[in-house]
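Visitor: Before anything else, here's the structure in question.
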Amino acid sequence: MLPLKYQVSIIICATVLIGTVTYFASSSFSFRTYDYDSERPRVPLNASRIAVCLVGGARRFELTGPSVVDRILRVYPNSDLFLHCQLDSNSHKLHLLNDAPNIAAVRIFEQKPLPEDANTRRILPGPKDYVQGLLQYLNLVEGCLTLINSHQAKHNFTYDWIIRARVDSYWSDKLGSESFIAGKYTVPDGANYHGLNDRFGVGNYKTSVVALSRLSSLARLRRAGYSRLFSETAYRAQFESLGVKIARVPVPFCILTDHWFEFPPKSQMAPVVSLTNPGPQNGSYCRVCTPICVGNCGGKGLKYSRKHWKEAEWKRDRMEVCDATRGWEKMFDEVAGEKLAAVRKAFSGMNMSSCVGEFEKMKMRSAYWDAPNATEICEKGYKS
C-alpha cells in the first residue's frame, strides 16, 4: 500500500481534475481562444452573436431591402440589425426592414457638411464635392460602429461577428458561411481599384473595428505617411498599416443603380452587370436589363474592367453586362422571384398613413431609436 501522503496527493489531484472537467463541460462556460487577429468563440454561426450594420442611401430600397432581409438577416436569425442612414426623400422606404428578425439600433439623421482641412486634402485629393461625399460615406460607416459599441456596453457583451453592407445592395443569393473566416477580415473579390473592395465586409469584433473606423483612421494614415488615397486604397491602408489579414471571397450581391453610364464603359469605369448575372457580382453596379454583352466579349472598356473584376467570371462566360445608357425594363418581378416581387408590390400600394404606421412599429421594435418622427420621414418621400 502507498504511504498516506501519496494517497492524499492522488485524491486531491483526482478531485481537481474532476472539478475542472465538470466546469469546462457546463453550459455556463464559453471556451475562447484569443489573439490579436481572431478574438471570437469557437461556436457555430447559428449560435454566434452577429451584428449586421447597414449604411447608406435608400434609393431603390423597395427593390434591394427585401433581398437584404431575405438573404442576410433571415439567414442568420440570431443577428441584430444596426441601421445608420441619412435622411432624404428615400428614407421612407427603410420601414421595409420591419421584416428583420431583430432590430437593435436605428439612426436616421440629416447630413451636414463635415470639416475639411489641408491634411484632409493631402490624404484625399480630388474635387471638393467628391471629397465631401467620401467623408460623408466614411462617417456613415463609422457611425454604425458607434451604435454597435453603445449596444455592447449597455448589455455587457461583445459580438462574435459584424457584417457590414450597403442598403442599396441587391442580394441574388444568400450570404454563405464561407464569408466568415477566423483571423481575417473578408472583403468581396474583384473591383478593388488598386485597393480593396469596400462595398461589403465581415469580420470578428477586433478586425471589424479596424474596418469600420473609416473616418477616424485618416489622421492615423496621414501620420504613417500615406497620401493621395481614395476610398478603396484608403481601405487597404487601414488594414495593412495594422497588420490585419484580408480574405477575398466571391460574394453574391451588386449595387443597384438607375444612374446612366456610358457604354462601353470608359477605361476607369466598372461594367454595369445584369441582375440576372449567374456569377457572383462582388458589388458591381447592376440593374434590370437585357444583357447586351455576355461573357468574354470585347471593347477596350470591358477589357480594362476585367483587371478590376474576377477574370475567371469572364473566362467562364458568366458576366452579363448592361448597356447602362438605356432605361429600366419592367423585368424586376420576374428576376427577383415571387417573394421579393410581393414585397415590392405591397410597397407600391402604400400611402402616407401606412408609412407612418410602419415606422411607429419599427420604433417600438428597436432597442435604440434616433430619428425624426415618423411623419417627417414619410413626408419627405410622399410629398417630394
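Residues in the C-alpha cells are named by chain (A, B, ... in the order shown) and by number from 1 within that chain; ligands are numbered from 1 in the order shown.
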Write out, as CSV, each residue of region 205-274 of chain A that has an atom at most 12 Å from region 70-83 of chain A, together with the closest pair of atoms and their distance in Å to one decimal, counting only C-alpha atoms, rows going by chain and rising number.
Guide:
residue,atom,partner,partner_atom,distance
A:Val251,CA,A:Arg71,CA,11.8
A:Pro252,CA,A:Arg71,CA,9.9
A:Phe253,CA,A:Arg71,CA,10.0
Visitor: Only C-alpha atoms, please: the residues just picked out, written as a PDB file, in the first residue's frame.
Guide:
ATOM      1  CA  VAL A 251     -19.989  37.462 -52.761  1.00  0.00           C
ATOM      2  CA  PRO A 252     -23.438  37.342 -54.466  1.00  0.00           C
ATOM      3  CA  PHE A 253     -24.527  40.986 -54.375  1.00  0.00           C
TER       4      PHE A 253
END
Visitor: Taking only region 64-301 of chain A into account, list the residues labelled strand (DSSP E) by DSSP (computed from the backbone), as an MDAnalysis selection string.
Guide: chainID A and resid 79:86 103:109 161:166 169:171 185:188 200:203 246:249 253:256 272:274 284:287 293:294
Visitor: My list of candidates is A:Asn192, A:Ser241, A:Ser172, A:Ser89. Which is closest to Leu63 (chain A) when distances are computed with only C-alpha atoms?
Guide: A:Ser172
Visitor: Determine the nearest neighbour of Ser150 (chain A) from the options A:Ala105, A:Asn204, A:Lys93, A:Tyr130, counting only C-alpha atoms.
Guide: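 The answer is A:Ala105, which sits nearest to Ser150 (chain A).
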Visitor: Between CA of Asn351 (chain A) and CA of Met331 (chain A), measure the distance and give it in Å to one decimal.
Guide: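 Calculated distance between CA of Asn351 (chain A) and CA of Met331 (chain A) is 24.0 Å.
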Visitor: Mind the document's chain letters and residue numbers, and return as an MDAnalysis selection string the residues of region 91-163 of chain A that DSSP labels alpha helix (DSSP H).
Guide: chainID A and resid 118:123 128:155
Visitor: Output the selection as an mmCIF file, in the first residue's frame - N, CA and C atoms for each residue.
Guide:
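Everything below was put into part38.cif:
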data_model
loop_
_atom_site.group_PDB
_atom_site.id
_atom_site.type_symbol
_atom_site.label_atom_id
_atom_site.label_comp_id
_atom_site.auth_asym_id
_atom_site.auth_seq_id
_atom_site.Cartn_x
_atom_site.Cartn_y
_atom_site.Cartn_z
ATOM 1 N N ALA A 118 -6.269 71.160 -44.609
ATOM 2 C CA ALA A 118 -5.174 70.862 -45.531
ATOM 3 C C ALA A 118 -4.741 69.406 -45.417
ATOM 4 N N ASN A 119 -4.753 68.864 -44.206
ATOM 5 C CA ASN A 119 -4.367 67.465 -44.018
ATOM 6 C C ASN A 119 -5.339 66.522 -44.717
ATOM 7 N N THR A 120 -6.637 66.851 -44.626
ATOM 8 C CA THR A 120 -7.641 66.035 -45.318
ATOM 9 C C THR A 120 -7.416 66.071 -46.815
ATOM 10 N N ARG A 121 -7.100 67.254 -47.345
ATOM 11 C CA ARG A 121 -6.912 67.399 -48.782
ATOM 12 C C ARG A 121 -5.663 66.660 -49.263
ATOM 13 N N ARG A 122 -4.656 66.544 -48.387
ATOM 14 C CA ARG A 122 -3.447 65.823 -48.783
ATOM 15 C C ARG A 122 -3.692 64.323 -48.879
ATOM 16 N N ILE A 123 -4.489 63.814 -47.967
ATOM 17 C CA ILE A 123 -4.704 62.365 -47.981
ATOM 18 C C ILE A 123 -5.859 61.967 -48.896
ATOM 19 N N LYS A 128 -13.920 69.051 -54.661
ATOM 20 C CA LYS A 128 -14.499 69.261 -53.332
ATOM 21 C C LYS A 128 -15.738 68.404 -53.111
ATOM 22 N N ASP A 129 -16.607 68.312 -54.128
ATOM 23 C CA ASP A 129 -17.827 67.516 -53.979
ATOM 24 C C ASP A 129 -17.503 66.042 -53.755
ATOM 25 N N TYR A 130 -16.488 65.554 -54.463
ATOM 26 C CA TYR A 130 -16.089 64.145 -54.293
ATOM 27 C C TYR A 130 -15.564 63.902 -52.887
ATOM 28 N N VAL A 131 -14.683 64.779 -52.412
ATOM 29 C CA VAL A 131 -14.093 64.596 -51.087
ATOM 30 C C VAL A 131 -15.166 64.660 -50.005
ATOM 31 N N GLN A 132 -16.078 65.636 -50.122
ATOM 32 C CA GLN A 132 -17.129 65.760 -49.121
ATOM 33 C C GLN A 132 -18.057 64.545 -49.148
ATOM 34 N N GLY A 133 -18.372 64.067 -50.337
ATOM 35 C CA GLY A 133 -19.205 62.870 -50.444
ATOM 36 C C GLY A 133 -18.543 61.655 -49.826
ATOM 37 N N LEU A 134 -17.232 61.520 -50.036
ATOM 38 C CA LEU A 134 -16.498 60.401 -49.458
ATOM 39 C C LEU A 134 -16.456 60.507 -47.940
ATOM 40 N N LEU A 135 -16.223 61.706 -47.422
ATOM 41 C CA LEU A 135 -16.207 61.899 -45.972
ATOM 42 C C LEU A 135 -17.558 61.527 -45.353
ATOM 43 N N GLN A 136 -18.644 61.904 -46.035
ATOM 44 C CA GLN A 136 -19.980 61.566 -45.529
ATOM 45 C C GLN A 136 -20.177 60.056 -45.484
ATOM 46 N N TYR A 137 -19.686 59.362 -46.509
ATOM 47 C CA TYR A 137 -19.811 57.905 -46.537
ATOM 48 C C TYR A 137 -18.983 57.261 -45.422
ATOM 49 N N LEU A 138 -17.752 57.732 -45.249
ATOM 50 C CA LEU A 138 -16.901 57.193 -44.185
ATOM 51 C C LEU A 138 -17.534 57.435 -42.819
ATOM 52 N N ASN A 139 -18.183 58.562 -42.663
ATOM 53 C CA ASN A 139 -18.864 58.883 -41.406
ATOM 54 C C ASN A 139 -20.052 57.957 -41.162
ATOM 55 N N LEU A 140 -20.775 57.620 -42.223
ATOM 56 C CA LEU A 140 -21.892 56.684 -42.095
ATOM 57 C C LEU A 140 -21.403 55.327 -41.594
ATOM 58 N N VAL A 141 -20.303 54.849 -42.172
ATOM 59 C CA VAL A 141 -19.768 53.539 -41.785
ATOM 60 C C VAL A 141 -19.311 53.559 -40.329
ATOM 61 N N GLU A 142 -18.543 54.569 -39.957
ATOM 62 C CA GLU A 142 -18.019 54.607 -38.595
ATOM 63 C C GLU A 142 -19.131 54.850 -37.574
ATOM 64 N N GLY A 143 -20.154 55.587 -37.975
ATOM 65 C CA GLY A 143 -21.281 55.811 -37.070
ATOM 66 C C GLY A 143 -21.994 54.528 -36.712
ATOM 67 N N CYS A 144 -21.981 53.566 -37.615
ATOM 68 C CA CYS A 144 -22.593 52.266 -37.322
ATOM 69 C C CYS A 144 -21.802 51.538 -36.240
ATOM 70 N N LEU A 145 -20.478 51.667 -36.283
ATOM 71 C CA LEU A 145 -19.644 51.079 -35.233
ATOM 72 C C LEU A 145 -19.951 51.715 -33.881
ATOM 73 N N THR A 146 -20.207 53.018 -33.872
ATOM 74 C CA THR A 146 -20.570 53.700 -32.629
ATOM 75 C C THR A 146 -21.851 53.116 -32.040
ATOM 76 N N LEU A 147 -22.834 52.848 -32.893
ATOM 77 C CA LEU A 147 -24.089 52.243 -32.433
ATOM 78 C C LEU A 147 -23.838 50.849 -31.844
ATOM 79 N N ILE A 148 -23.006 50.077 -32.511
ATOM 80 C CA ILE A 148 -22.702 48.724 -32.038
ATOM 81 C C ILE A 148 -21.988 48.776 -30.689
ATOM 82 N N ASN A 149 -20.998 49.648 -30.573
ATOM 83 C CA ASN A 149 -20.262 49.764 -29.309
ATOM 84 C C ASN A 149 -21.173 50.164 -28.155
ATOM 85 N N SER A 150 -22.074 51.076 -28.423
ATOM 86 C CA SER A 150 -23.011 51.512 -27.387
ATOM 87 C C SER A 150 -23.907 50.367 -26.936
ATOM 88 N N HIS A 151 -24.392 49.586 -27.894
ATOM 89 C CA HIS A 151 -25.267 48.451 -27.580
ATOM 90 C C HIS A 151 -24.509 47.397 -26.775
ATOM 91 N N GLN A 152 -23.265 47.128 -27.158
ATOM 92 C CA GLN A 152 -22.462 46.148 -26.435
ATOM 93 C C GLN A 152 -22.198 46.593 -24.998
ATOM 94 N N ALA A 153 -21.858 47.874 -24.835
ATOM 95 C CA ALA A 153 -21.560 48.382 -23.496
ATOM 96 C C ALA A 153 -22.794 48.317 -22.597
ATOM 97 N N LYS A 154 -23.941 48.612 -23.175
ATOM 98 C CA LYS A 154 -25.185 48.622 -22.406
ATOM 99 C C LYS A 154 -25.557 47.221 -21.949
ATOM 100 N N HIS A 155 -25.298 46.234 -22.781
ATOM 101 C CA HIS A 155 -25.725 44.863 -22.479
ATOM 102 C C HIS A 155 -24.567 43.958 -22.056
#
Visitor: I'd like the contact shell of Met362 (chain A) - 9 Å cut-off, only C-alpha atoms, skipping same-chain residues fewer than 2 positions apart - returned as a PyMOL selection string.
Guide: chain A and resi 95+97-98+103+357-360+364-366
Visitor: Do you have the CA of Ser216 (chain A)-CA of Gln238 (chain A) distance handy?
Guide: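 According to the coordinates, CA of Ser216 (chain A) and CA of Gln238 (chain A) are separated by 10.4 Å.
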Visitor: Just the number, please: distance in Å from CA of Ser274 (chain A) to CA of Tyr235 (chain A), one decimal.
Guide: 26.9 Å
Visitor: Which residues, written as a ChimeraX atom specification, have at least one atom at most 12 Å from Glu376 (chain A), with only C-alpha atoms counted and residues fewer than 2 positions away on the same chain left out?
Guide: /A:87-89,91-92,108-110,352-353,355-356,359-360,371-374,378-384
Visitor: Skip region 193-200 of chain A itself and residues of its chain fewer than 4 positions away, then list as a list in words all residues within 7 Å of it, counting only C-alpha atoms.
Guide: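 These residues fall inside the cut-off: Arg164, Ala165, Arg166, Val187, Pro188, Glu232, Thr233, Tyr235, Arg236, Gly283 and His308 of chain A.
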Visitor: Residues of the last selection are to be written out with C-alpha atoms, as a PDB file, in the first residue's frame.
Guide:
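That gives us part.pdb:
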ATOM      1  CA  ARG A 164     -21.294  45.450 -42.906  1.00  0.00           C
ATOM      2  CA  ALA A 165     -23.370  46.040 -46.041  1.00  0.00           C
ATOM      3  CA  ARG A 166     -24.946  48.879 -48.013  1.00  0.00           C
ATOM      4  CA  VAL A 187     -13.973  41.541 -48.494  1.00  0.00           C
ATOM      5  CA  PRO A 188     -15.508  40.815 -51.915  1.00  0.00           C
ATOM      6  CA  GLU A 232     -10.541  51.624 -51.931  1.00  0.00           C
ATOM      7  CA  THR A 233      -6.846  52.453 -51.375  1.00  0.00           C
ATOM      8  CA  TYR A 235      -9.467  50.918 -47.058  1.00  0.00           C
ATOM      9  CA  ARG A 236      -6.467  48.758 -47.915  1.00  0.00           C
ATOM     10  CA  GLY A 283     -20.552  44.564 -55.509  1.00  0.00           C
ATOM     11  CA  HIS A 308     -10.678  45.073 -61.628  1.00  0.00           C
TER      12      HIS A 308
END
Visitor: Determine the nearest neighbour of Ile246 (chain A) from the options A:Val210, A:Ile50, A:Gly201, A:Thr186, counting only C-alpha atoms.
Guide: A:Thr186
Visitor: Using only C-alpha atoms, which residue out of A:Leu175, A:Leu114, A:Ile181, A:Leu212 lies closest to Cys53 (chain A)?
Guide: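 Checking each candidate against Cys53 (chain A), we get A:Leu212 as the closest.
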